[in-house]
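Single-structure report; data block below.
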Amino acid sequence: MCEAKGFAERIREMANNGTTRKSNVDVLEAFYKKYPDVPKETILKQHMLSLGHWFSDAALDASAGALVKSYRLFSYDLVPMSEFKRGEHRRVPEHFVLLNGPYDLRPVAIQTSLSPYSPYLIDVVDGRLVLTVDGQVAAHVRIPKTPDYYFKNLSDGTPYHEIVAFGSFITIFRNCQYWGAKEECKFCDINENARQMKLSRDFTLTAPVKSVADVVTVVEQVASDAQKLGNGSQGFVLSGGTITKTLHGKSEVEFYEEYIRAIKGSETKPRITFEVNARPLDEVERYKAAGADHIHFNMEVWDKQLFPWINPGKAERVGWDNWVRWMEDAVEVFGNGMVQPSFVSGIEMARPHGFKTVEEAVKSTTGGFEYLMSRGIFPRPQQWRREPSTALCKETEQPPVPLDYYILMTRTWYELYQKYREKLPKFGTRKPGLLAERNLLGPVHGSYGDYVMLKENLFPADVEEQINRRSVPFENIAGGASVS
């Protein structure tokens, strides 16, 4: 059992299991040679999401003025907030961009996932923000600046950014009613993350539910800021915990459709993506009628035997068969490519019940993705982060998922995307918006979008200029290390 050991010891062992006696630079370059057809950028990103990364003192100082990590849903960290000794949770960026450097990388955006035991360190070397691996520079780094609306507060003092994070993400209900070992998803730390945010006393918003009026106020400000930049209507992602009974006297569909309708009714009528449990056709039609444009029935894992172990509450209250059938039904309402379930990529290999080999895991998930894509459903593999307060990491030691799995699975995802792309969303069509790195690059939490962008060169010609213009200073920085 993980809990039989000290926390730091457990995490250190998990991190060490991801490395070998070789230097991590040698390991990385060996993967580059092993998969010459796979973009180096996605291999590096996947390794960093798997092992986490850390910030030097100089890099934390250089992050002043950055878009600070919001902890808006999950922690995405490999250590708990209580382990931070330098106030990292209020200083590190939400995400950052890797580019250029010795491997001449094209830009990829990476969600910040902290681990002091990772070989990956964001640092300042020779006056420049860089990523180092075992002390060797691997890439240059760009950290996004804070959007203007982050400096505004509601009348009660709540910052706007605790209502809408990074210009688009709204966690309406901050908890989940899947409580305890019999219902909570095994990989999820939404409830524990909310608790640690409250205990830190560094986050203003402690109420689990955001009011409709407050959400609309901030949405209108964000949309206005986007319009001033000439970037058209800003889209929003609405998410929140499952409501198994009622919340504020309303069922799940009654509660969430009120927010969807209010946001869609605002002046700019923004694009709305809604994340919710798979629901029957009549409820799906209500969400569409209220104003949702895309819907995410986040299934988490495809394998029918693993589904009830990973998602006990979802299995008990919805079930695998209903989940799949209702996703297919939702395509009839929202159209091809508009039903976009996420999958916790790598969870297929979690101990003790997951697949024992990369080949088995890839085969299972590939079969599921082909089933979905062929029916106009767009699966989004978001990389598992192994947060320590989750049931999976508390109950059993969880070493990093083999990098081969992520590389092979993303390559296979792209092959399926090519096969069924006429039914699926297109990449490379978005405007810069408030955050160029989130709109012009692939999603920060996985590499599937980057793979398409890199293989097909879908970046605008001025992508680096767009990112540089909206980043904190990244060169001519005082302090830091020096390389002779």
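Letters A, B, ... go to the chains of the structure tokens in the order shown; residues in each chain start at 1; ligands are counted from 1 in the same order.
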Could you write out, as JSON, numbers by chain, all the residues of range 256-468 of chain A that DSSP marks as alpha helix (DSSP H)?
{"A": [256, 257, 258, 259, 260, 261, 262, 263, 264, 281, 282, 283, 284, 285, 286, 287, 288, 289, 290, 306, 307, 308, 309, 310, 312, 313, 314, 315, 316, 317, 320, 321, 322, 323, 324, 325, 326, 327, 328, 329, 330, 331, 332, 333, 334, 358, 359, 360, 361, 362, 363, 364, 365, 366, 367, 368, 369, 370, 371, 372, 373, 391, 392, 393, 394, 395, 403, 404, 405, 406, 407, 408, 409, 410, 411, 412, 413, 414, 415, 416, 417, 418, 419, 420, 436, 437, 438, 439, 448, 449, 450, 451, 452, 453, 454, 455, 456, 463, 464, 465, 466, 467, 468]}
Kindly save the residues from that selection, with C-alpha atoms included, as an mmCIF file, in the first residue's frame.
```cif
data_model
loop_
_atom_site.group_PDB
_atom_site.id
_atom_site.type_symbol
_atom_site.label_atom_id
_atom_site.label_comp_id
_atom_site.auth_asym_id
_atom_site.auth_seq_id
_atom_site.Cartn_x
_atom_site.Cartn_y
_atom_site.Cartn_z
ATOM 1 C CA TYR A 256 -26.537 23.340 -15.522
ATOM 2 C CA GLU A 257 -28.939 24.396 -18.284
ATOM 3 C CA GLU A 258 -29.614 27.636 -16.402
ATOM 4 C CA TYR A 259 -25.940 28.584 -16.756
ATOM 5 C CA ILE A 260 -25.755 27.541 -20.392
ATOM 6 C CA ARG A 261 -28.839 29.601 -21.262
ATOM 7 C CA ALA A 262 -27.579 32.662 -19.375
ATOM 8 C CA ILE A 263 -24.138 32.599 -21.018
ATOM 9 C CA LYS A 264 -25.548 32.022 -24.494
ATOM 10 C CA LEU A 281 -31.546 11.901 -25.433
ATOM 11 C CA ASP A 282 -34.202 14.088 -23.802
ATOM 12 C CA GLU A 283 -31.655 15.725 -21.484
ATOM 13 C CA VAL A 284 -29.126 16.144 -24.312
ATOM 14 C CA GLU A 285 -31.779 17.974 -26.315
ATOM 15 C CA ARG A 286 -32.334 20.322 -23.373
ATOM 16 C CA TYR A 287 -28.624 21.199 -23.230
ATOM 17 C CA LYS A 288 -28.599 21.853 -26.959
ATOM 18 C CA ALA A 289 -31.743 23.979 -26.758
ATOM 19 C CA ALA A 290 -30.222 25.983 -23.889
ATOM 20 C CA LEU A 306 -11.725 -1.446 -16.521
ATOM 21 C CA PHE A 307 -14.604 1.045 -16.730
ATOM 22 C CA PRO A 308 -16.340 0.012 -13.453
ATOM 23 C CA TRP A 309 -13.018 -0.177 -11.582
ATOM 24 C CA ILE A 310 -11.846 3.274 -12.702
ATOM 25 C CA PRO A 312 -17.400 3.128 -9.993
ATOM 26 C CA GLY A 313 -20.002 5.905 -9.705
ATOM 27 C CA LYS A 314 -20.388 6.306 -13.453
ATOM 28 C CA ALA A 315 -20.623 2.529 -13.864
ATOM 29 C CA GLU A 316 -23.272 2.189 -11.150
ATOM 30 C CA ARG A 317 -25.430 5.159 -12.152
ATOM 31 C CA TRP A 320 -20.747 1.314 -19.942
ATOM 32 C CA ASP A 321 -23.487 0.323 -22.418
ATOM 33 C CA ASN A 322 -25.611 3.400 -21.719
ATOM 34 C CA TRP A 323 -22.533 5.641 -21.853
ATOM 35 C CA VAL A 324 -21.628 4.457 -25.329
ATOM 36 C CA ARG A 325 -25.205 4.452 -26.618
ATOM 37 C CA TRP A 326 -25.914 7.930 -25.288
ATOM 38 C CA MET A 327 -22.747 9.286 -26.926
ATOM 39 C CA GLU A 328 -24.017 7.942 -30.231
ATOM 40 C CA ASP A 329 -27.466 9.431 -29.590
ATOM 41 C CA ALA A 330 -25.871 12.802 -28.816
ATOM 42 C CA VAL A 331 -24.355 12.921 -32.317
ATOM 43 C CA GLU A 332 -27.916 13.042 -33.664
ATOM 44 C CA VAL A 333 -28.479 16.230 -31.652
ATOM 45 C CA PHE A 334 -25.107 18.000 -31.866
ATOM 46 C CA VAL A 358 1.838 -1.628 -23.857
ATOM 47 C CA GLU A 359 0.600 -3.750 -26.766
ATOM 48 C CA GLU A 360 -2.560 -4.838 -24.924
ATOM 49 C CA ALA A 361 -3.350 -1.306 -23.771
ATOM 50 C CA VAL A 362 -2.844 0.216 -27.225
ATOM 51 C CA LYS A 363 -4.975 -2.492 -28.854
ATOM 52 C CA SER A 364 -7.883 -1.957 -26.445
ATOM 53 C CA THR A 365 -7.960 1.837 -26.685
ATOM 54 C CA THR A 366 -7.366 1.840 -30.449
ATOM 55 C CA GLY A 367 -10.422 -0.363 -30.883
ATOM 56 C CA GLY A 368 -12.490 2.048 -28.825
ATOM 57 C CA PHE A 369 -11.257 5.138 -30.637
ATOM 58 C CA GLU A 370 -12.004 3.618 -34.029
ATOM 59 C CA TYR A 371 -15.508 2.695 -32.904
ATOM 60 C CA LEU A 372 -16.120 6.283 -31.790
ATOM 61 C CA MET A 373 -14.459 8.151 -34.670
ATOM 62 C CA ALA A 391 -7.469 6.526 -4.867
ATOM 63 C CA LEU A 392 -5.190 4.949 -7.456
ATOM 64 C CA CYS A 393 -2.045 6.434 -5.922
ATOM 65 C CA LYS A 394 -3.140 5.942 -2.322
ATOM 66 C CA GLU A 395 -3.961 2.276 -2.788
ATOM 67 C CA LEU A 403 6.558 6.406 -22.753
ATOM 68 C CA ASP A 404 6.147 3.888 -25.579
ATOM 69 C CA TYR A 405 2.446 3.705 -24.747
ATOM 70 C CA TYR A 406 1.885 7.430 -25.171
ATOM 71 C CA ILE A 407 3.924 7.606 -28.363
ATOM 72 C CA LEU A 408 2.214 4.620 -29.981
ATOM 73 C CA MET A 409 -1.258 5.643 -28.835
ATOM 74 C CA THR A 410 -0.924 9.181 -30.169
ATOM 75 C CA ARG A 411 0.423 7.953 -33.478
ATOM 76 C CA THR A 412 -2.469 5.497 -33.748
ATOM 77 C CA TRP A 413 -4.959 8.222 -32.793
ATOM 78 C CA TYR A 414 -3.631 10.321 -35.684
ATOM 79 C CA GLU A 415 -3.944 7.433 -38.150
ATOM 80 C CA LEU A 416 -7.590 7.030 -37.135
ATOM 81 C CA TYR A 417 -8.131 10.772 -37.330
ATOM 82 C CA GLN A 418 -6.851 10.747 -40.915
ATOM 83 C CA LYS A 419 -9.206 7.880 -41.748
ATOM 84 C CA TYR A 420 -12.338 9.559 -40.355
ATOM 85 C CA ALA A 436 -2.457 32.714 -28.453
ATOM 86 C CA GLU A 437 -0.664 29.638 -27.117
ATOM 87 C CA ARG A 438 -3.956 27.918 -26.246
ATOM 88 C CA ASN A 439 -5.682 28.739 -29.511
ATOM 89 C CA TYR A 448 -3.137 14.516 -29.950
ATOM 90 C CA GLY A 449 -3.714 18.058 -31.236
ATOM 91 C CA ASP A 450 0.011 18.821 -31.405
ATOM 92 C CA TYR A 451 0.532 15.680 -33.468
ATOM 93 C CA VAL A 452 -1.875 16.909 -36.137
ATOM 94 C CA MET A 453 -0.523 20.466 -36.068
ATOM 95 C CA LEU A 454 3.096 19.323 -36.348
ATOM 96 C CA LYS A 455 2.617 16.601 -38.962
ATOM 97 C CA GLU A 456 0.546 18.885 -41.204
ATOM 98 C CA VAL A 463 3.012 31.864 -34.582
ATOM 99 C CA GLU A 464 6.254 32.530 -32.702
ATOM 100 C CA GLU A 465 5.730 36.287 -32.931
ATOM 101 C CA GLN A 466 2.167 35.893 -31.618
ATOM 102 C CA ILE A 467 3.402 33.845 -28.651
ATOM 103 C CA ASN A 468 6.354 36.126 -27.904
#
```
I'd like the contact shell of Pro473 in chain A - 10 Å cut-off, only C-alpha atoms, skipping same-chain residues fewer than 3 positions apart - returned as a PyMOL selection string.
chain A and resi 62-66+128-129+142-145+468-470+476-477
Which value, in Å to one decimal, gives the distance between CA of Ser251 in chain A and CA of Arg279 in chain A?
12.5 Å
If we count only C-alpha atoms, what is near Asn100 in chain A at a cut-off of 7 Å, once residues fewer than 4 positions away on the same chain are taken out, given as a short mmCIF file (atom, residue, chain, number, x, y, z; two decimals) with C-alpha atoms, in the first residue's frame?
```cif
data_model
loop_
_atom_site.label_atom_id
_atom_site.label_comp_id
_atom_site.auth_asym_id
_atom_site.auth_seq_id
_atom_site.Cartn_x
_atom_site.Cartn_y
_atom_site.Cartn_z
CA ASP A 104 14.98 23.23 -33.13
CA LEU A 105 11.53 22.48 -31.72
CA ARG A 106 8.33 23.90 -33.09
CA ALA A 139 14.33 23.93 -25.31
CA HIS A 140 13.51 27.59 -24.88
#
```
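Taking CA of Lys152 in chain A and CA of Gln234 in chain A as the two end points, the separation is 18.2 Å.
You will find CA of Pro388 in chain A at 23.7 Å from CA of Asp303 in chain A.
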Cut-off 12 Å: closest range 156-208 of chain A/range 293-302 of chain A atom pairs per residue, using only C-alpha atoms, as a tab-separated table:
```
residue	atom	partner	partner_atom	distance
A:Cys185	CA	A:Glu300	CA	9.1
A:Lys186	CA	A:Glu300	CA	10.3
A:Phe187	CA	A:Glu300	CA	9.2
A:Cys188	CA	A:Glu300	CA	10.3
```
Would you please give, as a PyMOL selection string, all residues of range 64-180 of chain A that DSSP assigns to strand (DSSP E or B) based on the backbone?
chain A and resi 66+68+93+95-100+105-111+114+120-125+128-133+136-142+144-145+153+159+165+169-173
Residues from the last selection, N, CA and C atoms, saved as a tab-separated table (two decimals), in the first residue's frame:
```
chain	number	residue	atom	x	y	z
A	66	ALA	N	2.97	36.43	-14.81
A	66	ALA	CA	2.46	35.33	-15.63
A	66	ALA	C	1.00	35.03	-15.33
A	68	VAL	N	-1.14	32.86	-13.79
A	68	VAL	CA	-0.85	31.93	-12.69
A	68	VAL	C	-1.79	30.73	-12.73
A	93	PRO	N	3.09	29.27	-13.73
A	93	PRO	CA	2.09	29.56	-14.76
A	93	PRO	C	1.11	28.42	-14.96
A	95	HIS	N	0.31	27.24	-17.78
A	95	HIS	CA	0.96	26.42	-18.80
A	95	HIS	C	2.11	27.23	-19.36
A	96	PHE	N	2.90	26.63	-20.22
A	96	PHE	CA	4.03	27.31	-20.84
A	96	PHE	C	4.28	26.69	-22.20
A	97	VAL	N	5.11	27.34	-22.99
A	97	VAL	CA	5.39	26.88	-24.36
A	97	VAL	C	6.86	26.50	-24.47
A	98	LEU	N	7.12	25.37	-25.11
A	98	LEU	CA	8.48	24.97	-25.47
A	98	LEU	C	8.68	25.21	-26.96
A	99	LEU	N	9.86	25.68	-27.33
A	99	LEU	CA	10.18	25.90	-28.74
A	99	LEU	C	11.68	26.09	-28.91
A	100	ASN	N	12.14	25.97	-30.15
A	100	ASN	CA	13.53	26.24	-30.53
A	100	ASN	C	14.51	25.37	-29.72
A	105	LEU	N	12.92	22.89	-31.91
A	105	LEU	CA	11.53	22.48	-31.72
A	105	LEU	C	10.56	23.52	-32.22
A	106	ARG	N	9.47	23.04	-32.80
A	106	ARG	CA	8.33	23.90	-33.09
A	106	ARG	C	7.49	24.02	-31.82
A	107	PRO	N	6.65	25.04	-31.70
A	107	PRO	CA	6.02	25.31	-30.40
A	107	PRO	C	4.97	24.27	-29.98
A	108	VAL	N	5.04	23.89	-28.72
A	108	VAL	CA	4.00	23.08	-28.08
A	108	VAL	C	3.72	23.69	-26.70
A	109	ALA	N	2.46	23.69	-26.30
A	109	ALA	CA	2.06	24.22	-24.99
A	109	ALA	C	1.86	23.07	-24.02
A	110	ILE	N	2.32	23.24	-22.79
A	110	ILE	CA	2.30	22.17	-21.80
A	110	ILE	C	1.65	22.66	-20.51
A	111	GLN	N	0.72	21.89	-20.00
A	111	GLN	CA	0.05	22.21	-18.74
A	111	GLN	C	1.03	21.99	-17.59
A	114	LEU	N	3.49	19.92	-11.42
A	114	LEU	CA	4.69	20.08	-10.60
A	114	LEU	C	5.18	18.78	-9.95
A	120	TYR	N	13.13	17.27	-15.29
A	120	TYR	CA	12.85	18.45	-16.11
A	120	TYR	C	12.72	19.68	-15.23
A	121	LEU	N	13.53	20.69	-15.52
A	121	LEU	CA	13.55	21.91	-14.73
A	121	LEU	C	13.45	23.12	-15.65
A	122	ILE	N	12.46	23.99	-15.37
A	122	ILE	CA	12.40	25.28	-16.06
A	122	ILE	C	13.34	26.20	-15.29
A	123	ASP	N	14.28	26.82	-15.99
A	123	ASP	CA	15.34	27.57	-15.34
A	123	ASP	C	15.69	28.80	-16.17
A	124	VAL	N	16.56	29.62	-15.64
A	124	VAL	CA	17.13	30.74	-16.38
A	124	VAL	C	18.61	30.43	-16.60
A	125	VAL	N	19.01	30.32	-17.85
A	125	VAL	CA	20.39	30.02	-18.21
A	125	VAL	C	20.88	31.06	-19.20
A	128	ARG	N	18.26	33.55	-20.23
A	128	ARG	CA	17.12	33.12	-21.04
A	128	ARG	C	16.31	32.05	-20.29
A	129	LEU	N	14.98	32.13	-20.39
A	129	LEU	CA	14.11	31.08	-19.85
A	129	LEU	C	14.25	29.83	-20.71
A	130	VAL	N	14.61	28.72	-20.06
A	130	VAL	CA	14.84	27.48	-20.81
A	130	VAL	C	14.30	26.29	-20.03
A	131	LEU	N	14.17	25.17	-20.73
A	131	LEU	CA	13.92	23.88	-20.11
A	131	LEU	C	15.24	23.12	-20.08
A	132	THR	N	15.60	22.61	-18.91
A	132	THR	CA	16.79	21.77	-18.82
A	132	THR	C	16.41	20.35	-18.46
A	133	VAL	N	17.22	19.40	-18.92
A	133	VAL	CA	17.07	17.99	-18.58
A	133	VAL	C	18.41	17.56	-18.00
A	136	GLN	N	21.09	20.03	-18.80
A	136	GLN	CA	21.36	20.39	-20.18
A	136	GLN	C	20.14	21.08	-20.80
A	137	VAL	N	20.38	22.16	-21.51
A	137	VAL	CA	19.27	22.89	-22.13
A	137	VAL	C	18.65	22.02	-23.23
A	138	ALA	N	17.31	21.87	-23.17
A	138	ALA	CA	16.59	21.07	-24.16
A	138	ALA	C	15.67	21.91	-25.04
A	139	ALA	N	15.25	23.08	-24.54
A	139	ALA	CA	14.33	23.93	-25.31
A	139	ALA	C	14.28	25.31	-24.67
A	140	HIS	N	13.81	26.27	-25.43
A	140	HIS	CA	13.51	27.59	-24.88
A	140	HIS	C	12.07	27.59	-24.37
A	141	VAL	N	11.77	28.50	-23.47
A	141	VAL	CA	10.47	28.54	-22.80
A	141	VAL	C	9.83	29.90	-22.95
A	142	ARG	N	8.52	29.90	-23.19
A	142	ARG	CA	7.71	31.11	-23.14
A	142	ARG	C	6.61	30.91	-22.11
A	144	PRO	N	3.06	32.62	-20.62
A	144	PRO	CA	2.06	33.62	-21.00
A	144	PRO	C	1.84	34.69	-19.95
A	145	LYS	N	1.61	35.90	-20.43
A	145	LYS	CA	1.29	37.03	-19.54
A	145	LYS	C	-0.15	36.91	-19.02
A	153	ASN	N	-11.97	42.51	-9.96
A	153	ASN	CA	-12.62	41.75	-8.88
A	153	ASN	C	-14.12	42.02	-8.88
A	159	PRO	N	-11.67	37.55	-7.25
A	159	PRO	CA	-11.06	37.87	-8.55
A	159	PRO	C	-11.84	37.25	-9.71
A	165	ALA	N	-11.30	30.83	-15.60
A	165	ALA	CA	-9.85	30.63	-15.63
A	165	ALA	C	-9.34	30.68	-17.06
A	169	PHE	N	-12.33	28.75	-19.12
A	169	PHE	CA	-12.78	27.59	-18.34
A	169	PHE	C	-13.56	28.01	-17.11
A	170	ILE	N	-14.78	27.47	-16.97
A	170	ILE	CA	-15.65	27.80	-15.86
A	170	ILE	C	-16.03	26.52	-15.12
A	171	THR	N	-15.57	26.39	-13.87
A	171	THR	CA	-15.98	25.26	-13.03
A	171	THR	C	-17.18	25.74	-12.21
A	172	ILE	N	-18.36	25.40	-12.66
A	172	ILE	CA	-19.58	25.94	-12.05
A	172	ILE	C	-19.79	25.37	-10.64
A	173	PHE	N	-19.68	24.06	-10.51
A	173	PHE	CA	-19.84	23.38	-9.23
A	173	PHE	C	-18.49	22.79	-8.86
```
Which neighbours of Lys69 in chain A fall inside 9 Å, counting only C-alpha atoms, when residues of the same chain fewer than 4 positions from it are skipped, and could you give them as an mmCIF file with C-alpha atoms, in the first residue's frame?
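Contents of around_27.cif, as written:
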```cif
data_model
loop_
_atom_site.group_PDB
_atom_site.id
_atom_site.type_symbol
_atom_site.label_atom_id
_atom_site.label_comp_id
_atom_site.auth_asym_id
_atom_site.auth_seq_id
_atom_site.Cartn_x
_atom_site.Cartn_y
_atom_site.Cartn_z
ATOM 1 C CA HIS A 89 0.816 27.333 -6.275
ATOM 2 C CA ARG A 90 0.457 31.115 -6.567
ATOM 3 C CA ARG A 91 3.549 31.694 -8.735
ATOM 4 C CA VAL A 92 3.866 29.010 -11.425
ATOM 5 C CA PRO A 93 2.091 29.562 -14.758
ATOM 6 C CA GLU A 94 -1.038 27.738 -15.871
ATOM 7 C CA HIS A 95 0.956 26.423 -18.796
ATOM 8 C CA THR A 112 2.065 22.838 -15.569
ATOM 9 C CA ALA A 165 -9.848 30.625 -15.630
ATOM 10 C CA PHE A 166 -7.435 31.386 -18.510
#
```
